[in-house]
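S.K.: So here's structure32.cif, just mmCIF, C-alpha atoms and all ligand atoms:
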```
data_upload
#
loop_
_atom_site.label_atom_id
_atom_site.label_comp_id
_atom_site.auth_asym_id
_atom_site.auth_seq_id
_atom_site.Cartn_x
_atom_site.Cartn_y
_atom_site.Cartn_z
CA MET A 1 -7.57 5.85 18.44
CA LYS A 2 -5.54 2.82 19.48
CA LEU A 3 -4.37 0.74 16.56
CA GLN A 4 -3.32 -2.83 17.07
CA LEU A 5 -1.62 -4.99 14.48
CA HIS A 6 -0.68 -8.63 14.37
CA ASN A 7 3.06 -8.41 13.90
CA THR A 8 4.32 -11.47 12.06
CA LEU A 9 7.81 -10.78 13.36
CA THR A 10 6.75 -11.45 16.97
CA ARG A 11 3.57 -13.45 16.20
CA ARG A 12 1.71 -11.18 18.61
CA VAL A 13 -0.94 -8.48 18.43
CA GLU A 14 0.86 -5.27 19.32
CA ALA A 15 -0.09 -1.65 19.77
CA PHE A 16 1.20 0.29 16.79
CA SER A 17 3.43 3.28 17.34
CA ALA A 18 5.05 5.18 14.48
CA GLN A 19 8.76 5.91 14.58
CA ASP A 20 7.98 9.39 13.25
CA PRO A 21 4.30 10.41 13.56
CA SER A 22 4.86 13.12 10.97
CA ARG A 23 5.91 10.50 8.38
CA VAL A 24 4.36 7.06 8.83
CA THR A 25 5.60 4.68 6.14
CA MET A 26 3.96 1.55 4.76
CA TYR A 27 4.99 -0.67 1.86
CA LEU A 28 2.93 -3.36 0.17
CA CYS A 29 4.37 -5.84 -2.31
CA GLY A 30 2.46 -5.18 -5.52
CA PRO A 31 1.67 -7.28 -8.57
CA THR A 32 3.88 -8.67 -11.32
CA VAL A 33 2.08 -7.34 -14.36
CA TYR A 34 1.95 -10.00 -17.06
CA ASN A 35 -1.77 -10.84 -17.02
CA TYR A 36 -5.06 -9.72 -15.52
CA VAL A 37 -5.14 -10.19 -11.77
CA HIS A 38 -7.62 -12.51 -10.10
CA ILE A 39 -9.69 -11.65 -7.05
CA GLY A 40 -7.22 -13.46 -4.80
CA ASN A 41 -4.61 -10.89 -5.80
CA ALA A 42 -6.99 -8.15 -4.68
CA ARG A 43 -7.06 -9.22 -1.07
CA GLY A 44 -3.82 -7.50 -0.09
CA PRO A 45 -4.66 -4.13 -1.68
CA VAL A 46 -8.15 -4.23 -0.15
CA VAL A 47 -6.96 -5.08 3.36
CA PHE A 48 -3.91 -2.85 3.43
CA GLY A 49 -5.60 -0.04 1.51
CA LEU A 50 -8.04 0.02 4.42
CA LEU A 51 -5.14 0.04 6.86
CA ALA A 52 -3.54 2.96 4.99
CA ARG A 53 -6.84 4.81 5.14
CA LEU A 54 -7.01 4.22 8.88
CA LEU A 55 -3.43 5.40 9.38
CA LYS A 56 -4.26 8.58 7.48
CA ARG A 57 -7.24 9.12 9.68
CA ILE A 58 -5.12 8.73 12.80
CA TYR A 59 -1.95 10.56 11.74
CA GLY A 60 -3.30 12.87 9.03
CA ALA A 61 -3.42 12.31 5.29
CA THR A 62 -0.22 14.23 4.64
CA HIS A 63 1.73 12.32 7.30
CA VAL A 64 1.37 8.84 5.84
CA VAL A 65 3.27 7.52 2.83
CA TYR A 66 1.84 4.32 1.40
CA ALA A 67 3.77 2.65 -1.42
CA ARG A 68 2.64 -0.31 -3.53
CA ASN A 69 5.09 -1.33 -6.21
CA ILE A 70 4.71 -2.72 -9.71
CA THR A 71 7.12 -5.48 -10.72
CA ASP A 72 7.63 -4.82 -14.42
CA VAL A 73 10.61 -7.05 -15.12
CA ASP A 74 10.26 -10.76 -14.51
CA ASP A 75 10.62 -14.06 -16.32
CA LYS A 76 6.83 -14.39 -16.60
CA ILE A 77 6.64 -10.98 -18.28
CA ASN A 78 9.45 -11.99 -20.63
CA ALA A 79 7.57 -15.16 -21.55
CA ALA A 80 4.32 -13.26 -22.18
CA ALA A 81 6.13 -10.69 -24.34
CA ALA A 82 7.96 -13.39 -26.32
CA GLU A 83 4.69 -15.21 -26.94
CA LEU A 84 3.10 -12.10 -28.45
CA GLY A 85 6.32 -10.86 -30.05
CA VAL A 86 6.16 -7.44 -28.39
CA PRO A 87 8.51 -5.55 -26.04
CA ILE A 88 7.93 -6.14 -22.32
CA GLY A 89 6.82 -2.50 -21.97
CA VAL A 90 3.68 -3.26 -24.00
CA ILE A 91 2.73 -6.10 -21.67
CA THR A 92 3.54 -4.28 -18.45
CA GLN A 93 1.75 -1.05 -19.41
CA ARG A 94 -1.36 -2.92 -20.49
CA TYR A 95 -1.66 -4.99 -17.33
CA ALA A 96 -0.53 -2.28 -14.92
CA LYS A 97 -3.34 -0.12 -16.31
CA ALA A 98 -5.82 -3.00 -16.01
CA TYR A 99 -4.68 -3.60 -12.43
CA ALA A 100 -5.20 0.05 -11.49
CA GLU A 101 -8.68 -0.04 -13.09
CA ASP A 102 -9.65 -3.24 -11.25
CA MET A 103 -8.50 -1.79 -7.92
CA ALA A 104 -10.48 1.40 -8.59
CA LYS A 105 -13.60 -0.70 -9.31
CA LEU A 106 -13.11 -2.39 -5.95
CA GLY A 107 -12.95 0.97 -4.25
CA VAL A 108 -9.31 0.54 -3.26
CA ASP A 109 -7.59 3.87 -2.71
CA ALA A 110 -4.62 4.53 -4.96
CA PRO A 111 -1.35 4.40 -3.02
CA ASP A 112 0.70 7.56 -2.55
CA VAL A 113 3.67 6.09 -4.41
CA VAL A 114 3.64 3.47 -7.18
CA PRO A 115 7.30 2.65 -7.88
CA TYR A 116 8.23 0.55 -10.93
CA ALA A 117 11.18 -1.85 -10.68
CA THR A 118 12.67 -0.82 -14.02
CA GLN A 119 12.88 2.78 -12.82
CA HIS A 120 15.18 1.74 -9.95
CA ILE A 121 17.89 -0.26 -11.74
CA ASP A 122 20.68 2.14 -10.66
CA ARG A 123 19.68 1.82 -7.05
CA ILE A 124 19.49 -1.97 -7.33
CA ILE A 125 23.02 -2.10 -8.79
CA THR A 126 24.29 0.20 -6.01
CA MET A 127 22.73 -2.04 -3.40
CA CYS A 128 24.33 -5.15 -4.95
CA GLU A 129 27.73 -3.41 -4.95
CA ARG A 130 27.35 -2.48 -1.30
CA LEU A 131 26.42 -6.02 -0.34
CA ILE A 132 29.42 -7.41 -2.22
CA ALA A 133 31.75 -4.85 -0.59
CA ASP A 134 30.48 -5.80 2.88
CA GLY A 135 30.89 -9.53 2.24
CA HIS A 136 27.18 -10.33 2.16
CA ALA A 137 27.02 -11.13 -1.55
CA TYR A 138 29.28 -12.48 -4.29
CA ALA A 139 29.43 -12.44 -8.07
CA ALA A 140 29.54 -15.72 -9.99
CA GLU A 141 29.05 -16.41 -13.70
CA GLY A 142 27.28 -13.12 -14.37
CA HIS A 143 25.07 -13.53 -11.30
CA VAL A 144 25.18 -11.75 -7.99
CA LEU A 145 24.04 -13.92 -5.10
CA PHE A 146 23.29 -13.15 -1.49
CA ASP A 147 25.32 -15.29 0.89
CA VAL A 148 22.80 -16.40 3.53
CA SER A 149 25.59 -17.68 5.78
CA SER A 150 26.69 -14.05 6.25
CA TYR A 151 23.43 -13.12 7.99
CA ALA A 152 22.82 -15.02 11.22
CA GLN A 153 19.20 -13.88 11.54
CA TYR A 154 18.18 -15.39 8.18
CA GLY A 155 14.93 -17.33 8.69
CA HIS A 156 13.86 -15.28 11.72
CA LEU A 157 10.73 -13.79 10.10
CA SER A 158 9.37 -17.04 8.67
CA ARG A 159 10.75 -19.06 11.60
CA ARG A 160 12.37 -21.62 9.40
CA SER A 161 15.49 -23.46 10.35
CA ARG A 162 18.52 -23.38 8.09
CA GLU A 163 18.02 -27.10 7.40
CA ASP A 164 14.43 -26.55 6.21
CA MET A 165 15.54 -23.81 3.85
CA ILE A 166 18.39 -25.85 2.47
CA ASP A 167 16.07 -28.82 1.95
CA GLY A 168 13.71 -26.56 0.02
CA ALA A 169 16.51 -25.18 -2.11
CA ARG A 170 18.18 -28.51 -2.72
CA VAL A 171 15.82 -29.36 -5.55
CA GLU A 172 17.78 -27.34 -8.08
CA VAL A 173 21.09 -26.08 -6.77
CA ALA A 174 23.00 -24.05 -9.34
CA PRO A 175 26.71 -24.94 -9.49
CA TYR A 176 27.79 -21.32 -8.97
CA LYS A 177 26.10 -21.08 -5.53
CA LYS A 178 28.22 -21.26 -2.39
CA ASN A 179 25.24 -22.38 -0.31
CA ALA A 180 22.10 -24.06 -1.52
CA ALA A 181 19.92 -21.37 0.10
CA ASP A 182 21.76 -18.39 -1.49
CA PHE A 183 19.42 -16.31 -3.61
CA VAL A 184 19.84 -14.25 -6.75
CA LEU A 185 20.19 -10.47 -6.61
CA TRP A 186 21.21 -10.01 -10.24
CA LYS A 187 21.17 -12.40 -13.18
CA PRO A 188 22.55 -12.28 -16.71
CA SER A 189 20.33 -11.59 -19.72
CA THR A 190 20.73 -13.04 -23.20
CA PRO A 191 20.39 -10.55 -26.11
CA ASP A 192 16.75 -11.48 -26.67
CA LEU A 193 15.83 -10.66 -23.06
CA PRO A 194 15.55 -7.23 -21.42
CA GLY A 195 18.74 -6.20 -19.68
CA TRP A 196 20.81 -3.34 -18.30
CA ASP A 197 24.55 -2.82 -18.19
CA SER A 198 26.14 -3.58 -14.84
CA PRO A 199 29.59 -4.34 -13.38
CA TRP A 200 28.73 -8.03 -13.84
CA GLY A 201 27.70 -7.71 -17.49
CA ARG A 202 24.33 -7.13 -19.10
CA GLY A 203 21.60 -8.45 -16.87
CA ARG A 204 18.43 -7.84 -14.93
CA PRO A 205 17.52 -7.76 -11.23
CA GLY A 206 16.17 -10.64 -9.21
CA TRP A 207 12.70 -10.21 -7.80
CA HIS A 208 13.55 -9.83 -4.11
CA ILE A 209 15.99 -6.94 -4.36
CA GLU A 210 13.53 -4.80 -6.30
CA CYS A 211 11.36 -4.32 -3.23
CA SER A 212 14.34 -3.53 -1.00
CA ALA A 213 15.63 -0.90 -3.42
CA MET A 214 12.22 0.70 -3.95
CA THR A 215 11.45 0.75 -0.23
CA ALA A 216 14.74 2.48 0.56
CA ALA A 217 14.26 4.95 -2.30
CA HIS A 218 10.80 6.12 -1.32
CA LEU A 219 10.29 5.34 2.34
CA GLY A 220 13.75 5.19 3.91
CA GLU A 221 16.03 2.52 5.31
CA THR A 222 13.70 1.69 8.23
CA ILE A 223 9.98 1.65 7.53
CA ASP A 224 7.06 1.34 9.90
CA ILE A 225 4.95 -1.33 8.23
CA HIS A 226 5.73 -3.88 5.55
CA ALA A 227 2.69 -5.68 4.23
CA GLY A 228 1.99 -8.56 1.87
CA GLY A 229 0.31 -11.92 1.42
CA ASN A 230 1.39 -14.67 3.78
CA ASP A 231 2.53 -16.72 0.78
CA LEU A 232 5.31 -14.15 0.33
CA MET A 233 6.71 -14.57 3.83
CA PHE A 234 9.23 -17.08 2.60
CA PRO A 235 11.36 -16.60 0.62
CA HIS A 236 10.45 -13.10 -0.62
CA HIS A 237 10.06 -11.21 2.65
CA GLU A 238 12.78 -13.19 4.37
CA ASN A 239 15.17 -12.22 1.58
CA GLU A 240 14.05 -8.59 1.70
CA VAL A 241 14.91 -8.46 5.40
CA ALA A 242 18.32 -10.05 4.85
CA GLN A 243 19.46 -7.85 1.98
CA SER A 244 18.03 -4.59 3.35
CA THR A 245 19.42 -5.11 6.84
CA CYS A 246 22.86 -6.03 5.50
CA ALA A 247 22.92 -3.20 2.95
CA HIS A 248 21.99 -0.61 5.57
CA GLY A 249 24.54 -1.46 8.22
CA GLY A 250 22.27 -3.63 10.35
CA LYS A 251 19.39 -1.13 10.63
CA VAL A 252 15.95 -2.63 11.23
CA PHE A 253 14.20 -2.93 7.88
CA ALA A 254 10.53 -3.02 8.90
CA ARG A 255 9.24 -2.49 12.44
CA TYR A 256 5.92 -4.24 11.87
CA TRP A 257 5.28 -7.05 9.41
CA VAL A 258 1.65 -7.62 8.53
CA HIS A 259 0.35 -10.41 6.30
CA ASN A 260 -3.04 -11.15 4.82
CA GLY A 261 -4.35 -14.69 4.42
CA MET A 262 -5.14 -16.26 1.09
CA LEU A 263 -8.49 -16.31 -0.67
CA THR A 264 -9.41 -19.96 -0.89
CA VAL A 265 -11.59 -22.03 -3.17
CA GLU A 266 -12.78 -25.30 -1.65
CA GLY A 267 -10.02 -25.14 0.91
CA ARG A 268 -7.21 -24.43 -1.52
CA LYS A 269 -5.45 -21.16 -2.16
CA MET A 270 -6.68 -19.34 -5.25
CA SER A 271 -3.68 -19.29 -7.56
CA LYS A 272 -2.89 -19.41 -11.23
CA SER A 273 -0.75 -22.50 -10.77
CA LEU A 274 -3.77 -24.43 -9.41
CA GLY A 275 -6.04 -23.12 -12.16
CA ASN A 276 -8.81 -22.08 -9.73
CA THR A 277 -8.66 -18.34 -10.26
CA MET A 278 -11.47 -15.95 -11.07
CA GLN A 279 -10.97 -12.50 -12.48
CA LEU A 280 -12.88 -9.55 -11.09
CA THR A 281 -15.15 -9.11 -14.11
CA THR A 282 -15.96 -12.83 -14.18
CA ALA A 283 -16.68 -12.86 -10.44
CA SER A 284 -18.90 -9.85 -10.77
CA ARG A 285 -20.83 -11.39 -13.68
CA SER A 286 -21.20 -14.87 -12.17
CA THR A 287 -22.46 -13.62 -8.80
CA GLY A 288 -24.52 -10.80 -10.28
CA ARG A 289 -22.88 -8.51 -7.75
CA SER A 290 -20.97 -5.29 -8.07
CA PRO A 291 -17.21 -5.14 -7.62
CA ARG A 292 -17.90 -3.39 -4.31
CA TRP A 293 -19.62 -6.56 -3.10
CA ILE A 294 -16.60 -8.57 -4.27
CA ARG A 295 -14.47 -6.18 -2.25
CA HIS A 296 -16.31 -7.29 0.87
CA GLY A 297 -15.62 -10.88 -0.12
CA ALA A 298 -11.93 -10.17 -0.64
CA ARG A 299 -11.68 -8.58 2.77
CA SER A 300 -13.64 -10.82 5.00
CA MET A 301 -14.73 -14.05 3.42
CA ALA A 302 -12.85 -17.11 2.43
CA GLY A 303 -14.53 -17.41 -0.96
CA ILE A 304 -17.25 -15.89 -3.07
CA ARG A 305 -18.50 -18.98 -4.84
CA ARG A 306 -21.95 -19.88 -3.63
CA CYS A 307 -22.37 -23.38 -2.39
CA ALA A 308 -25.84 -24.61 -3.32
CA THR A 309 -25.92 -27.39 -0.73
CA CYS A 310 -24.46 -25.59 2.22
CA PRO A 311 -27.28 -23.71 3.99
CA LEU A 312 -24.87 -21.64 6.02
CA TYR A 313 -23.53 -20.04 2.87
CA ARG A 314 -26.81 -19.08 1.28
CA ARG A 315 -27.23 -15.53 0.27
CA ARG A 316 -29.81 -14.78 2.88
CA ASN A 317 -27.32 -15.64 5.61
CA LEU A 318 -24.61 -13.30 4.43
CA PRO A 319 -25.78 -10.27 6.46
CA LYS A 320 -25.66 -12.43 9.58
CA TYR A 321 -22.06 -13.35 8.87
CA ARG A 322 -21.13 -9.81 8.08
CA ARG A 323 -22.49 -8.69 11.44
CA ARG A 324 -20.79 -11.54 13.23
CA PHE A 325 -17.37 -10.82 11.80
CA SER A 326 -17.65 -7.08 12.05
CA LYS A 327 -18.38 -7.52 15.76
CA ARG A 328 -15.34 -9.68 16.05
CA SER A 329 -13.07 -6.97 14.67
CA PRO A 330 -13.48 -3.79 16.70
CA THR A 331 -9.86 -2.96 15.91
CA ILE A 332 -7.99 -3.61 12.74
CA SER A 333 -6.17 -6.87 12.95
CA THR A 334 -4.45 -8.39 9.98
CA ARG A 335 -4.11 -11.79 11.54
CA PRO A 336 -4.92 -14.30 8.79
CA ARG A 337 -7.99 -16.28 9.74
CA ARG A 338 -10.51 -18.69 8.31
CA LEU A 339 -13.74 -17.06 7.34
CA PRO A 340 -17.09 -18.19 6.28
CA CYS A 341 -17.28 -20.15 3.07
CA LEU A 342 -17.84 -23.33 4.91
CA ARG A 343 -17.02 -25.61 2.06
CA ALA A 344 -13.85 -23.63 1.72
CA SER A 345 -13.25 -23.88 5.43
CA PRO A 346 -14.11 -27.38 6.60
CA THR A 347 -12.56 -26.88 10.01
CA MET A 348 -14.97 -24.08 10.70
CA HIS A 349 -17.84 -26.18 9.42
CA ALA A 350 -16.91 -28.91 11.87
CA LYS A 351 -16.63 -26.38 14.69
CA LEU A 352 -20.16 -25.13 14.06
CA GLN A 353 -21.50 -28.68 14.09
CA ILE A 354 -19.64 -29.32 17.32
CA HIS A 355 -21.09 -26.16 18.81
CA LYS A 356 -24.57 -27.44 17.94
CA TYR A 357 -23.82 -30.87 19.35
CA ARG A 358 -22.25 -29.47 22.49
CA LYS A 359 -25.40 -27.53 23.23
CA THR A 360 -27.63 -30.58 22.83
CA GLN A 361 -25.35 -32.82 24.89
CA LYS A 362 -24.57 -30.13 27.51
CA LEU A 363 -20.88 -30.77 27.31
CA ARG A 364 -18.84 -28.71 29.71
CA SER A 365 -15.88 -27.94 27.49
CA TRP A 366 -15.05 -27.35 23.88
CA PRO A 367 -13.91 -30.34 21.91
CA GLN A 368 -10.87 -29.69 19.85
CA VAL A 369 -11.08 -30.54 16.18
CA LEU A 370 -7.92 -32.19 15.05
CA SER A 371 -8.84 -32.63 11.43
CA SER A 372 -11.61 -31.78 9.06
CA GLY A 373 -14.74 -33.82 8.75
CA CYS A 374 -15.91 -32.45 5.45
CA CYS A 375 -16.18 -35.37 3.07
CA ARG A 376 -15.02 -33.18 0.22
CA SER A 377 -12.04 -31.81 2.06
CA SER A 378 -8.76 -32.35 0.31
CA ARG A 379 -7.32 -33.14 3.72
CA SER A 380 -9.69 -35.98 4.50
CA SER A 381 -8.14 -39.35 4.18
CA GLY A 382 -10.24 -40.64 1.33
CA SER A 383 -10.24 -37.63 -1.01
CA ARG A 384 -12.85 -37.41 -3.74
CA ALA A 385 -11.87 -40.60 -5.42
CA ALA A 386 -12.69 -42.61 -2.32
CA THR A 387 -15.99 -40.94 -1.39
CA THR A 388 -19.11 -43.04 -1.46
CA PRO A 389 -21.51 -42.85 -4.41
CA ALA A 390 -23.89 -40.81 -2.26
CA HIS A 391 -21.21 -38.23 -1.74
CA SER A 392 -20.30 -38.08 -5.35
CA THR A 393 -23.80 -36.95 -6.28
CA ARG A 394 -24.60 -34.72 -3.32
CA HIS A 395 -22.41 -32.91 -0.87
CA ARG A 396 -23.11 -34.42 2.56
CA CYS A 397 -20.83 -33.66 5.42
CA ARG A 398 -19.97 -36.05 8.21
CA PRO A 399 -18.24 -33.81 10.69
CA TRP A 400 -18.29 -36.46 13.40
CA SER A 401 -16.11 -38.70 11.37
CA THR A 402 -13.38 -36.32 12.41
CA ARG A 403 -11.05 -37.19 15.19
CA VAL A 404 -12.29 -35.22 18.16
CA ARG A 405 -10.52 -34.91 21.45
CA LEU A 406 -12.47 -33.76 24.45
CA ARG A 407 -10.19 -31.57 26.39
CA ASN A 408 -10.75 -31.11 30.16
CA SER A 409 -13.79 -33.34 30.07
CA ARG A 410 -14.35 -36.89 31.16
CA ARG A 411 -17.48 -37.34 29.13
CA ILE A 412 -16.90 -39.14 25.90
CA SER A 413 -19.78 -38.53 23.57
CA PRO A 414 -21.29 -41.07 21.23
CA ARG A 415 -20.46 -40.36 17.62
CA PRO A 416 -23.48 -39.87 15.39
CA THR A 417 -23.14 -41.19 11.90
CA ALA A 418 -24.00 -37.93 10.18
CA CYS A 419 -24.23 -34.29 11.02
CA ALA A 420 -27.41 -33.05 12.61
CA ARG A 421 -28.78 -31.32 9.53
CA ASN A 422 -28.63 -34.51 7.53
ZN ZN B 1 8.05 -7.39 -2.32
#
```
Take the structure in this file and express it as structure tokens.
M.R.:
Amino acid sequence: MKLQLHNTLTRRVEAFSAQDPSRVTMYLCGPTVYNYVHIGNARGPVVFGLLARLLKRIYGATHVVYARNITDVDDKINAAAAELGVPIGVITQRYAKAYAEDMAKLGVDAPDVVPYATQHIDRIITMCERLIADGHAYAAEGHVLFDVSSYAQYGHLSRRSREDMIDGARVEVAPYKKNAADFVLWKPSTPDLPGWDSPWGRGRPGWHIECSAMTAAHLGETIDIHAGGNDLMFPHHENEVAQSTCAHGGKVFARYWVHNGMLTVEGRKMSKSLGNTMQLTTASRSTGRSPRWIRHGARSMAGIRRCATCPLYRRRNLPKYRRRFSKRSPTISTRPRRLPCLRASPTMHAKLQIHKYRKTQKLRSWPQVLSSGCCRSSRSSGSRAATTPAHSTRHRCRPWSTRVRLRNSRRISPRPTACARN
């Protein structure tokens, strides 16, 4: 079987070949366990659990090592533990167990290795020491920081320029940093926080280096596939590449980088910071569907919330969309893409309306949608506050209010005032 993957490193779909077919290695960045996960967090395990299953089918179950870590030391965990007045171990055990149970309910296969960050402190310290010795990191005020100026390829994965990264980091530049974009490998801990003895005093690891240390410990210095959500590409994965490559004498860290897209709600990423999350049990109860059905949503749909006014998202149409998208994916591709909750994906909604209009007008070429026409889209110029009273009571889309450019066509179409279904 020929396996093709969208490699974020090259931005191309490439045929996958293992560096050692008798030991194919894949690593997925796992959860930080300080609360119950929401269904958006499940997308990565669902997608890449499927990929691991496929790899095992191709190479043999005993020839694939799939690791998904647990981050069990983090400022958010510390805050949750302090709030309840319990050690961090109580919080992390509780939510790591809940995470494993939720994934099992979704039918996600357990990974072969589940490394915990706190079990790899020695390796993290060794890696920091090696980076300092090679001139890629420096100690300052109890911290150890990676010097991004020492690695010329920094920014290659996320394709960001040095200026962009510095602009992003300029918001809060600590005085002990040599460069604004330098990132923390180790940081000091006060007595009330969890910490481990190190050459730089009592402290705890930064988030990025945990994954590098755990990957090297269980899968080797060069792995076949590194997976994760596309929101982790910068800075987390970029930093992983920098510190692993520099700590291992310039060896390639991951040969293929694969990223899943985000689960969206009304066009916005589902995230705790936006307050639009839904836990698995809540999703299951509100839709009246089993977690297995939610699994399908996590893998191939942009959202699971039913939209009462959007006919293309009614329940009866779901099988049609399942068929359509399963046809589209004869091979496994992890390229992030917009999928069918049309309110969640206004661009797609506009495209379908254009398809309808193109057929009626017999246009010769596809118009290109430059922006969304959904009146409720957060990207539309007016936003909700500026919508008309009619829109505020009922969702009515005006896809032709979008800017449309007719490429390779001389025919300029009249612009109807509302979409055909209205
Ligand atoms: Zn990671």
S.K.: Please provide as a PyMOL selection string all residues within 9 Å of region 85-89 of chain A, with the sequence filter that same-chain residues fewer than 5 positions apart are discarded (counting only C-alpha atoms).
M.R.: chain A and resi 34+72-73+77-78+80+94+194
S.K.: Keeping C-alpha atoms, export the residues of the selection given above as an mmCIF file, in the coordinates of the input.
M.R.:
```cif
data_model
loop_
_atom_site.group_PDB
_atom_site.id
_atom_site.type_symbol
_atom_site.label_atom_id
_atom_site.label_comp_id
_atom_site.auth_asym_id
_atom_site.auth_seq_id
_atom_site.Cartn_x
_atom_site.Cartn_y
_atom_site.Cartn_z
ATOM 1 C CA TYR A 34 1.950 -10.000 -17.060
ATOM 2 C CA ASP A 72 7.630 -4.820 -14.420
ATOM 3 C CA VAL A 73 10.610 -7.050 -15.120
ATOM 4 C CA ILE A 77 6.640 -10.980 -18.280
ATOM 5 C CA ASN A 78 9.450 -11.990 -20.630
ATOM 6 C CA ALA A 80 4.320 -13.260 -22.180
ATOM 7 C CA ARG A 94 -1.360 -2.920 -20.490
ATOM 8 C CA PRO A 194 15.550 -7.230 -21.420
#
```
S.K.: From the set A:Gly155, A:Gly142, A:Gly30, A:Gly49, which residue has the shortest atom-to-atom contact distance to Pro115 (chain A), counting all atoms listed in the file?
M.R.: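 Looking at the shortest contact to Pro115 (chain A), the residue is A:Gly30.
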S.K.: Within 7 Å of ligand ZN 1 (chain B), counting all atoms listed in the file, which protein or nucleic acid residues do you find, written as a ChimeraX atom specification?
M.R.: /A:28-30,208,211,236-237
S.K.: What is the distance between CA of Val148 (chain A) and CA of Ile225 (chain A), in Å to one decimal?
M.R.: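 Between CA of Val148 (chain A) and CA of Ile225 (chain A) the gap works out to 23.8 Å.
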S.K.: Find the distance between CA of Leu219 (chain A) and CA of Thr25 (chain A) and write it in Å to one decimal.
M.R.: 6.1 Å
S.K.: Could you check the closest approach to Ser271 (chain A) for each of A:Asn41, A:Thr10, A:Gln119, A:Ser17 and tell me which residue wins, using all atoms listed in the file?
M.R.: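 Checking each candidate against Ser271 (chain A), we get A:Asn41 as the closest.
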S.K.: List the spatial neighbours of region 249-251 of chain A as a tab-separated table (two decimals) with C-alpha atoms, in the frame of the given file - criterion: any atom at most 12 Å away, only C-alpha atoms, same-chain residues fewer than 4 positions off excluded.
M.R.:
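This is the output file part-v2.tsv:
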```tsv
chain	number	residue	atom	x	y	z
A	127	MET	CA	22.73	-2.04	-3.40
A	130	ARG	CA	27.35	-2.48	-1.30
A	131	LEU	CA	26.42	-6.02	-0.34
A	133	ALA	CA	31.75	-4.85	-0.59
A	134	ASP	CA	30.48	-5.80	2.88
A	135	GLY	CA	30.89	-9.53	2.24
A	136	HIS	CA	27.18	-10.33	2.16
A	151	TYR	CA	23.43	-13.12	7.99
A	152	ALA	CA	22.82	-15.02	11.22
A	153	GLN	CA	19.20	-13.88	11.54
A	216	ALA	CA	14.74	2.48	0.56
A	220	GLY	CA	13.75	5.19	3.91
A	221	GLU	CA	16.03	2.52	5.31
A	222	THR	CA	13.70	1.69	8.23
A	223	ILE	CA	9.98	1.65	7.53
A	241	VAL	CA	14.91	-8.46	5.40
A	242	ALA	CA	18.32	-10.05	4.85
A	243	GLN	CA	19.46	-7.85	1.98
A	244	SER	CA	18.03	-4.59	3.35
A	245	THR	CA	19.42	-5.11	6.84
A	255	ARG	CA	9.24	-2.49	12.44
```
S.K.: Please provide the set of residues having any atom within 6 Å of Gln4 (chain A), restricted to only C-alpha atoms, with same-chain residues fewer than 4 positions apart removed, written as a PyMOL selection string.
M.R.: chain A and resi 14-16
S.K.: Can you measure CA of Leu54 (chain A) to CA of Glu210 (chain A) for me? One decimal in Å is fine.
M.R.: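 Taking CA of Leu54 (chain A) and CA of Glu210 (chain A), their separation equals 27.1 Å.
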S.K.: Around the point (-13.7, -3.6, -2.8) in the file's coordinates, collect all residues with an atom within 6 Å, using only C-alpha atoms, and return them as a VMD selection string.
M.R.: chain A and resid 106 to 107 292 294 to 296
S.K.: With distances taken over only C-alpha atoms, which residue among A:Gly229, A:Lys269, A:Tyr154, A:Met214 lies nearest Cys246 (chain A)?
M.R.: A:Tyr154
S.K.: Extract, using only C-alpha atoms, all DNA, RNA and protein residues at most 9 Å from Val113 (chain A), discarding same-chain residues fewer than 4 positions from it, and format them as number ranges by chain.
M.R.: A: 65-69, 218
